[in-house]
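Visitor: Before I ask anything, let me first share the structure, which is written out below as structure tokens.
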Amino acid sequence: MIFLGLLLQAGVGGAVPFAFFQPTVTVSVSQQAVLDRGDPVTQILPASGAEDAVFTAISASIDDGRLIAWVRRIDDLKKSKYVLTVRRFSDPPRIEDLSELKLDPDDIEDIQKCRAGNCQLKLSAAEMTQLREAARARSNASAAIEETFRRLILERVQLYLKSGHVPPYEDKHVPVHPEIRFDALLDHTAFLTTHVPELNGYFRSYPLKPVAGLESFFYWSKERVAGKAIISVTQVNIVRYQRTGVPDVLVVNRDIYSSHYIDASLSLTALTAASTENHNYLVYINRTDVDILHGVLETFIRKAMHHRIREGATDEIETYKQRMESGDPPPVEPANGASGELTARPTKRFIEFE
């Protein structure tokens, strides 16, 4: 499961460490006992339609500063056998940020046959046309397709930054609008709407309703968690709070593009203080709209997915815990004589706050 966000929480709910997530998530006394032994707890959350959702948690000896430092170094945080490449976009995003993006041969072949309503990759009809025209115009069709695909990914990020618009996926007969699917994921993540309505408004009206102090950046990745490698673009949003009953820091990820399987995704994690022990609970929640959960095989597919999702989420949170507890992330390698220290900058549009 793609890691799309992080929620940091210090002692929300007083003696009830997971109160912030109710009623979406309920952690039983027996599950909390498992956590206090140092073992992870994972549960599939209720979901409807094409959605799937998972919650997992584990005790961790880290603070919010350590977690945020690793989030900013997303390329180091996400390293795993499933992640083939991950790179953070510059601010503002540049085409050079995508220089390492490579399409699989099967994707290149499929793109040349893409038509609106019949395509193996998630693209708009206009993007399909541009890719085919680029392939016909050059002797090296594969190179032309990869170059054009990188440019189209950059244009998607630039369009989202400017207007909040995400072009439709028109690979099937019925177009999919990721914005509508993402709003549905927000609707089903009730604790965000209840406790941080300004963040809910930020996502629904992006970029018209900035949140004071919010830091945002984008990254792209290529991951193989199923049959086909998924090329995706994710927006990471970090905001600090000083409000009773609300996390000290909230970092939520939104899927901006996925080449396969995923129509929309929202993910987050929490670092919540234990009620009696001297440790924190690291929490991960992901809610995703998956395009294969349709038709007569839906029940069988969902059952198989639940097994893989449960296993993958548990492995992922254990890996993140180990990585973060090992210390600060490695320093940024200097470029052109610059300092190796990472300086995180908020997106320019969030300098003026409400």
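Convention: chains lettered A, B, ... in structure tokens order; per-chain residue numbering from 1; ligands numbered from 1 as shown.
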Leaving out Leu159 in chain A and any residue of its chain fewer than 5 positions from it, which residues lie within 12 Å of it when counting only C-alpha atoms, given as a list in words?
Guide: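 After dropping sequence-adjacent residues, the list is Pro93, Leu152, Ile153, Leu154, Gly164, His165, Val166, Pro167, Tyr206, Pro207 and Ile256 of chain A.
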Visitor: Restrict the selected residues to N, CA, C and O atoms and save them as an mmCIF file, in the first residue's frame.
Guide:
data_model
loop_
_atom_site.group_PDB
_atom_site.id
_atom_site.type_symbol
_atom_site.label_atom_id
_atom_site.label_comp_id
_atom_site.auth_asym_id
_atom_site.auth_seq_id
_atom_site.Cartn_x
_atom_site.Cartn_y
_atom_site.Cartn_z
ATOM 1 N N PRO A 93 7.894 22.511 -8.883
ATOM 2 C CA PRO A 93 8.253 21.277 -9.580
ATOM 3 C C PRO A 93 8.903 21.562 -10.936
ATOM 4 O O PRO A 93 8.537 22.517 -11.631
ATOM 5 N N LEU A 152 3.669 15.072 -19.097
ATOM 6 C CA LEU A 152 2.262 15.046 -18.703
ATOM 7 C C LEU A 152 2.105 14.919 -17.184
ATOM 8 O O LEU A 152 1.200 15.518 -16.594
ATOM 9 N N ILE A 153 2.990 14.156 -16.547
ATOM 10 C CA ILE A 153 2.962 14.047 -15.082
ATOM 11 C C ILE A 153 3.255 15.407 -14.456
ATOM 12 O O ILE A 153 2.585 15.836 -13.507
ATOM 13 N N LEU A 154 4.269 16.095 -14.978
ATOM 14 C CA LEU A 154 4.587 17.428 -14.472
ATOM 15 C C LEU A 154 3.402 18.366 -14.657
ATOM 16 O O LEU A 154 3.064 19.146 -13.744
ATOM 17 N N GLY A 164 -6.242 23.063 -8.267
ATOM 18 C CA GLY A 164 -6.785 21.952 -7.507
ATOM 19 C C GLY A 164 -7.464 20.901 -8.365
ATOM 20 O O GLY A 164 -8.011 19.927 -7.852
ATOM 21 N N HIS A 165 -7.406 21.062 -9.680
ATOM 22 C CA HIS A 165 -8.079 20.137 -10.594
ATOM 23 C C HIS A 165 -7.198 18.922 -10.883
ATOM 24 O O HIS A 165 -5.987 19.050 -11.070
ATOM 25 N N VAL A 166 -7.817 17.747 -10.920
ATOM 26 C CA VAL A 166 -7.151 16.498 -11.303
ATOM 27 C C VAL A 166 -7.879 15.970 -12.540
ATOM 28 O O VAL A 166 -9.077 15.664 -12.466
ATOM 29 N N PRO A 167 -7.203 15.865 -13.699
ATOM 30 C CA PRO A 167 -7.875 15.389 -14.913
ATOM 31 C C PRO A 167 -8.501 14.012 -14.716
ATOM 32 O O PRO A 167 -8.020 13.208 -13.910
ATOM 33 N N TYR A 206 -9.127 23.117 -2.435
ATOM 34 C CA TYR A 206 -7.740 23.427 -2.769
ATOM 35 C C TYR A 206 -7.658 24.152 -4.114
ATOM 36 O O TYR A 206 -8.316 23.750 -5.077
ATOM 37 N N PRO A 207 -6.857 25.237 -4.210
ATOM 38 C CA PRO A 207 -6.007 25.856 -3.193
ATOM 39 C C PRO A 207 -6.614 27.126 -2.571
ATOM 40 O O PRO A 207 -5.890 28.030 -2.187
ATOM 41 N N ILE A 256 -2.485 12.088 -6.141
ATOM 42 C CA ILE A 256 -2.786 12.992 -7.255
ATOM 43 C C ILE A 256 -2.864 12.234 -8.580
ATOM 44 O O ILE A 256 -3.613 12.599 -9.482
#
Visitor: Determine, for each residue of range 26-64 of chain A having at least one atom at most 12 Å from an atom of range 176-186 of chain A, the closest pair of atoms and their separation in Å to one decimal, counting only C-alpha atoms; order by chain and ascending number, as JSON lines.
Guide:
{"residue": "A:Ala47", "atom": "CA", "partner": "A:Leu185", "partner_atom": "CA", "distance": 9.7}
{"residue": "A:Ser48", "atom": "CA", "partner": "A:Leu185", "partner_atom": "CA", "distance": 10.3}
{"residue": "A:Gly49", "atom": "CA", "partner": "A:Ala184", "partner_atom": "CA", "distance": 10.6}
{"residue": "A:Ala50", "atom": "CA", "partner": "A:Arg181", "partner_atom": "CA", "distance": 9.7}
{"residue": "A:Glu51", "atom": "CA", "partner": "A:Leu185", "partner_atom": "CA", "distance": 8.1}
{"residue": "A:Asp52", "atom": "CA", "partner": "A:Leu185", "partner_atom": "CA", "distance": 9.9}
{"residue": "A:Ala53", "atom": "CA", "partner": "A:Leu185", "partner_atom": "CA", "distance": 9.7}
Visitor: Please save all heavy atoms of the selected residues as a PDB file, in the first residue's frame.
Guide:
ATOM      1  N   ALA A  47     -15.829  -0.473   4.956  1.00  0.00           N
ATOM      2  CA  ALA A  47     -15.748   0.309   3.713  1.00  0.00           C
ATOM      3  C   ALA A  47     -16.854  -0.155   2.787  1.00  0.00           C
ATOM      4  O   ALA A  47     -17.334  -1.291   2.878  1.00  0.00           O
ATOM      5  CB  ALA A  47     -14.384   0.135   3.055  1.00  0.00           C
ATOM      6  N   SER A  48     -17.258   0.723   1.886  1.00  0.00           N
ATOM      7  CA  SER A  48     -18.337   0.395   0.965  1.00  0.00           C
ATOM      8  C   SER A  48     -17.902   0.665  -0.467  1.00  0.00           C
ATOM      9  O   SER A  48     -16.926   1.366  -0.718  1.00  0.00           O
ATOM     10  CB  SER A  48     -19.586   1.227   1.291  1.00  0.00           C
ATOM     11  OG  SER A  48     -19.295   2.614   1.185  1.00  0.00           O
ATOM     12  N   GLY A  49     -18.662   0.079  -1.401  1.00  0.00           N
ATOM     13  CA  GLY A  49     -18.366   0.308  -2.810  1.00  0.00           C
ATOM     14  C   GLY A  49     -16.991  -0.212  -3.175  1.00  0.00           C
ATOM     15  O   GLY A  49     -16.602  -1.333  -2.819  1.00  0.00           O
ATOM     16  N   ALA A  50     -16.218   0.618  -3.886  1.00  0.00           N
ATOM     17  CA  ALA A  50     -14.889   0.225  -4.350  1.00  0.00           C
ATOM     18  C   ALA A  50     -13.790   0.579  -3.349  1.00  0.00           C
ATOM     19  O   ALA A  50     -12.608   0.464  -3.665  1.00  0.00           O
ATOM     20  CB  ALA A  50     -14.596   0.880  -5.698  1.00  0.00           C
ATOM     21  N   GLU A  51     -14.164   1.011  -2.148  1.00  0.00           N
ATOM     22  CA  GLU A  51     -13.176   1.420  -1.159  1.00  0.00           C
ATOM     23  C   GLU A  51     -12.654   0.230  -0.362  1.00  0.00           C
ATOM     24  O   GLU A  51     -13.358  -0.760  -0.160  1.00  0.00           O
ATOM     25  CB  GLU A  51     -13.778   2.428  -0.180  1.00  0.00           C
ATOM     26  CG  GLU A  51     -14.087   3.776  -0.782  1.00  0.00           C
ATOM     27  CD  GLU A  51     -14.663   4.729   0.250  1.00  0.00           C
ATOM     28  OE1 GLU A  51     -14.450   4.486   1.462  1.00  0.00           O
ATOM     29  OE2 GLU A  51     -15.330   5.693  -0.149  1.00  0.00           O
ATOM     30  N   ASP A  52     -11.423   0.381   0.104  1.00  0.00           N
ATOM     31  CA  ASP A  52     -10.856  -0.520   1.089  1.00  0.00           C
ATOM     32  C   ASP A  52     -10.106   0.330   2.093  1.00  0.00           C
ATOM     33  O   ASP A  52      -9.519   1.356   1.729  1.00  0.00           O
ATOM     34  CB  ASP A  52      -9.926  -1.543   0.444  1.00  0.00           C
ATOM     35  CG  ASP A  52     -10.354  -2.973   0.782  1.00  0.00           C
ATOM     36  OD1 ASP A  52     -10.784  -3.186   1.934  1.00  0.00           O
ATOM     37  OD2 ASP A  52     -10.270  -3.851  -0.090  1.00  0.00           O
ATOM     38  N   ALA A  53     -10.110  -0.076   3.361  1.00  0.00           N
ATOM     39  CA  ALA A  53      -9.493   0.727   4.401  1.00  0.00           C
ATOM     40  C   ALA A  53      -8.831  -0.164   5.432  1.00  0.00           C
ATOM     41  O   ALA A  53      -9.325  -1.251   5.744  1.00  0.00           O
ATOM     42  CB  ALA A  53     -10.534   1.628   5.071  1.00  0.00           C
TER      43      ALA A  53
END
Visitor: Could you pull the residues within 12 Å of Arg287 in chain A, counting only C-alpha atoms, minus those fewer than 4 positions along the same chain, as a PyMOL selection string?
Guide: chain A and resi 1-5+24+44-48+50-55+181-190+252-255+262-269+309+313
Visitor: For the selection just defined, write its residues with C-alpha atoms to a file, as a short mmCIF file (atom, residue, chain, number, x, y, z; two decimals), in the first residue's frame.
Guide:
data_model
loop_
_atom_site.label_atom_id
_atom_site.label_comp_id
_atom_site.auth_asym_id
_atom_site.auth_seq_id
_atom_site.Cartn_x
_atom_site.Cartn_y
_atom_site.Cartn_z
CA MET A 1 0.00 0.00 0.00
CA ILE A 2 1.31 3.33 -1.10
CA PHE A 3 2.35 5.53 1.99
CA LEU A 4 0.37 8.72 1.12
CA GLY A 5 0.60 10.64 4.83
CA THR A 24 -13.87 5.31 12.50
CA ILE A 44 -9.60 -3.94 8.17
CA LEU A 45 -11.97 -1.01 8.58
CA PRO A 46 -15.57 -0.90 7.32
CA ALA A 47 -15.75 0.31 3.71
CA SER A 48 -18.34 0.40 0.97
CA ALA A 50 -14.89 0.23 -4.35
CA GLU A 51 -13.18 1.42 -1.16
CA ASP A 52 -10.86 -0.52 1.09
CA ALA A 53 -9.49 0.73 4.40
CA VAL A 54 -6.94 -0.49 6.93
CA PHE A 55 -5.75 0.54 10.40
CA ARG A 181 -13.69 9.84 -5.40
CA PHE A 182 -11.32 11.64 -3.00
CA ASP A 183 -14.17 13.71 -1.54
CA ALA A 184 -15.96 10.42 -0.81
CA LEU A 185 -12.88 9.18 1.07
CA LEU A 186 -12.99 12.36 3.16
CA ASP A 187 -16.68 11.77 3.85
CA HIS A 188 -15.80 8.33 5.22
CA THR A 189 -12.94 9.62 7.40
CA ALA A 190 -15.26 11.16 9.95
CA VAL A 252 -2.10 13.86 5.45
CA ASN A 253 -1.26 12.48 2.00
CA ARG A 254 -3.44 12.71 -1.07
CA ASP A 255 -2.99 10.66 -4.23
CA ILE A 262 -6.03 3.25 -7.67
CA ASP A 263 -8.70 5.88 -8.41
CA ALA A 264 -8.15 7.89 -5.19
CA SER A 265 -6.31 7.45 -1.90
CA LEU A 266 -6.04 9.18 1.48
CA SER A 267 -3.55 8.01 4.10
CA LEU A 268 -2.29 9.16 7.48
CA THR A 269 -0.40 7.95 10.57
CA ILE A 309 -3.45 -5.33 2.80
CA ALA A 313 0.30 -2.62 6.44
#
Visitor: Rounded to one decimal, what separation in Å do you get between CA of Asp171 in chain A and CA of Gln130 in chain A?
Guide: 14.5 Å
Visitor: Looking only at the backbone, which of the residues in range 115-238 of chain A does DSSP tag as strand (DSSP E), as a ChimeraX atom specification?
Guide: /A:215-223,230-238
Visitor: Enumerate as JSON, numbers by chain all residues of range 55-152 of chain A assigned to helix (DSSP H, G or I) by DSSP on the backbone, naming them with the chain letters and numbers the document uses.
Guide: {"A": [64, 65, 66, 67, 68, 69, 70, 71, 72, 74, 75, 76, 77, 95, 96, 97, 98, 105, 106, 107, 108, 109, 110, 111, 112, 125, 126, 127, 128, 129, 130, 131, 132, 133, 134, 135, 136, 137, 141, 142, 143, 144, 145, 146, 147, 148, 149, 150, 151, 152]}
Visitor: So, counting only C-alpha atoms, which residue among A:Phe218, A:Tyr261, A:Phe203, A:Trp70 is closest to Ser326 in chain A?
Guide: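 For Ser326 in chain A, the nearest of the candidates is A:Trp70.
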Visitor: Quick one: everything within 6 Å of range 118-129 of chain A, counting only C-alpha atoms, minus sequence neighbours fewer than 2 positions away in the same chain. Send it as a PDB file with N, CA and C atoms, in the first residue's frame.
Guide:
ATOM      1  N   CYS A 114      -3.560   2.841 -26.739  1.00  0.00           N
ATOM      2  CA  CYS A 114      -4.571   3.492 -25.902  1.00  0.00           C
ATOM      3  C   CYS A 114      -5.574   4.290 -26.725  1.00  0.00           C
ATOM      4  N   ARG A 115      -6.819   4.105 -26.392  1.00  0.00           N
ATOM      5  CA  ARG A 115      -7.898   4.933 -26.916  1.00  0.00           C
ATOM      6  C   ARG A 115      -8.833   5.239 -25.749  1.00  0.00           C
ATOM      7  N   ALA A 116      -9.546   6.358 -25.844  1.00  0.00           N
ATOM      8  CA  ALA A 116     -10.513   6.698 -24.793  1.00  0.00           C
ATOM      9  C   ALA A 116     -11.504   5.551 -24.615  1.00  0.00           C
ATOM     10  N   LEU A 131       0.361  11.226 -26.273  1.00  0.00           N
ATOM     11  CA  LEU A 131       1.347  10.148 -26.222  1.00  0.00           C
ATOM     12  C   LEU A 131       1.446   9.426 -27.562  1.00  0.00           C
ATOM     13  N   ARG A 132       0.316   9.137 -28.195  1.00  0.00           N
ATOM     14  CA  ARG A 132       0.341   8.474 -29.502  1.00  0.00           C
ATOM     15  C   ARG A 132       0.985   9.361 -30.561  1.00  0.00           C
ATOM     16  N   PRO A 168      -9.572  13.719 -15.452  1.00  0.00           N
ATOM     17  CA  PRO A 168     -10.261  12.431 -15.290  1.00  0.00           C
ATOM     18  C   PRO A 168      -9.432  11.276 -15.840  1.00  0.00           C
ATOM     19  N   TYR A 169      -9.737  10.084 -15.350  1.00  0.00           N
ATOM     20  CA  TYR A 169      -9.213   8.855 -15.943  1.00  0.00           C
ATOM     21  C   TYR A 169     -10.258   8.377 -16.946  1.00  0.00           C
ATOM     22  N   GLU A 170      -9.878   8.293 -18.215  1.00  0.00           N
ATOM     23  CA  GLU A 170     -10.816   7.912 -19.262  1.00  0.00           C
ATOM     24  C   GLU A 170     -10.381   6.628 -19.944  1.00  0.00           C
ATOM     25  N   ASP A 171      -9.772   5.735 -19.150  1.00  0.00           N
ATOM     26  CA  ASP A 171      -9.309   4.454 -19.671  1.00  0.00           C
ATOM     27  C   ASP A 171     -10.441   3.447 -19.819  1.00  0.00           C
ATOM     28  N   LYS A 172     -11.549   3.660 -19.101  1.00  0.00           N
ATOM     29  CA  LYS A 172     -12.713   2.776 -19.201  1.00  0.00           C
ATOM     30  C   LYS A 172     -13.862   3.520 -19.884  1.00  0.00           C
ATOM     31  N   SER A 259      -1.014   5.259 -12.034  1.00  0.00           N
ATOM     32  CA  SER A 259      -1.103   4.703 -13.389  1.00  0.00           C
ATOM     33  C   SER A 259      -1.946   3.441 -13.453  1.00  0.00           C
ATOM     34  N   HIS A 260      -2.087   2.724 -12.324  1.00  0.00           N
ATOM     35  CA  HIS A 260      -2.862   1.480 -12.296  1.00  0.00           C
ATOM     36  C   HIS A 260      -3.588   1.342 -10.963  1.00  0.00           C
TER      37      HIS A 260
END
Visitor: What's around Glu318 in chain A at 8 Å? Count only C-alpha atoms, leave out sequence neighbours fewer than 3 positions away in its own chain, and write the answer as a PyMOL selection string.
Guide: chain A and resi 40+58+314-315+321-322
Visitor: With C-alpha atoms retained, could you export that selection as a compact mmCIF listing (two decimals), in the first residue's frame?
Guide:
# COMPACT_ATOMS: atom_id res chain seq x y z
CA PRO A 40 1.44 -4.63 16.09
CA ILE A 58 2.52 -0.35 17.05
CA THR A 314 1.81 -4.58 9.33
CA ASP A 315 5.14 -5.00 7.54
CA LYS A 321 9.23 2.03 13.38
CA GLN A 322 12.63 0.37 13.04
Visitor: If we count only C-alpha atoms, what is near Ala143 in chain A at a cut-off of 12 Å, once residues fewer than 6 positions away on the same chain are taken out, given as an MDAnalysis selection string?
Guide: chainID A and resid 101:105 108:109 131 134:137 149:150
Visitor: So, counting only C-alpha atoms, which residue among A:Gln235, A:Thr85, A:Gln22, A:Gln158 is closest to Arg72 in chain A?
Guide: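 Between A:Gln235, A:Thr85, A:Gln22, A:Gln158, the residue approaching Arg72 in chain A most closely is A:Gln235.
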Visitor: May I have a table of the residues of range 13-95 of chain A lying at most 12 Å from range 192-197 of chain A, giving each one's closest pair of atoms and their distance in Å to one decimal, counting only C-alpha atoms, ordered by chain and ascending residue number, as a Markdown table?
Guide:
| residue | atom | partner | partner_atom | distance |
| --- | --- | --- | --- | --- |
| A:Gly13 | CA | A:His195 | CA | 11.8 |
| A:Ala19 | CA | A:His195 | CA | 11.0 |
| A:Phe20 | CA | A:His195 | CA | 7.8 |
| A:Phe21 | CA | A:Leu192 | CA | 8.3 |
| A:Gln22 | CA | A:Thr194 | CA | 10.1 |
| A:Pro23 | CA | A:Thr194 | CA | 10.5 |
| A:Thr24 | CA | A:Leu192 | CA | 9.9 |
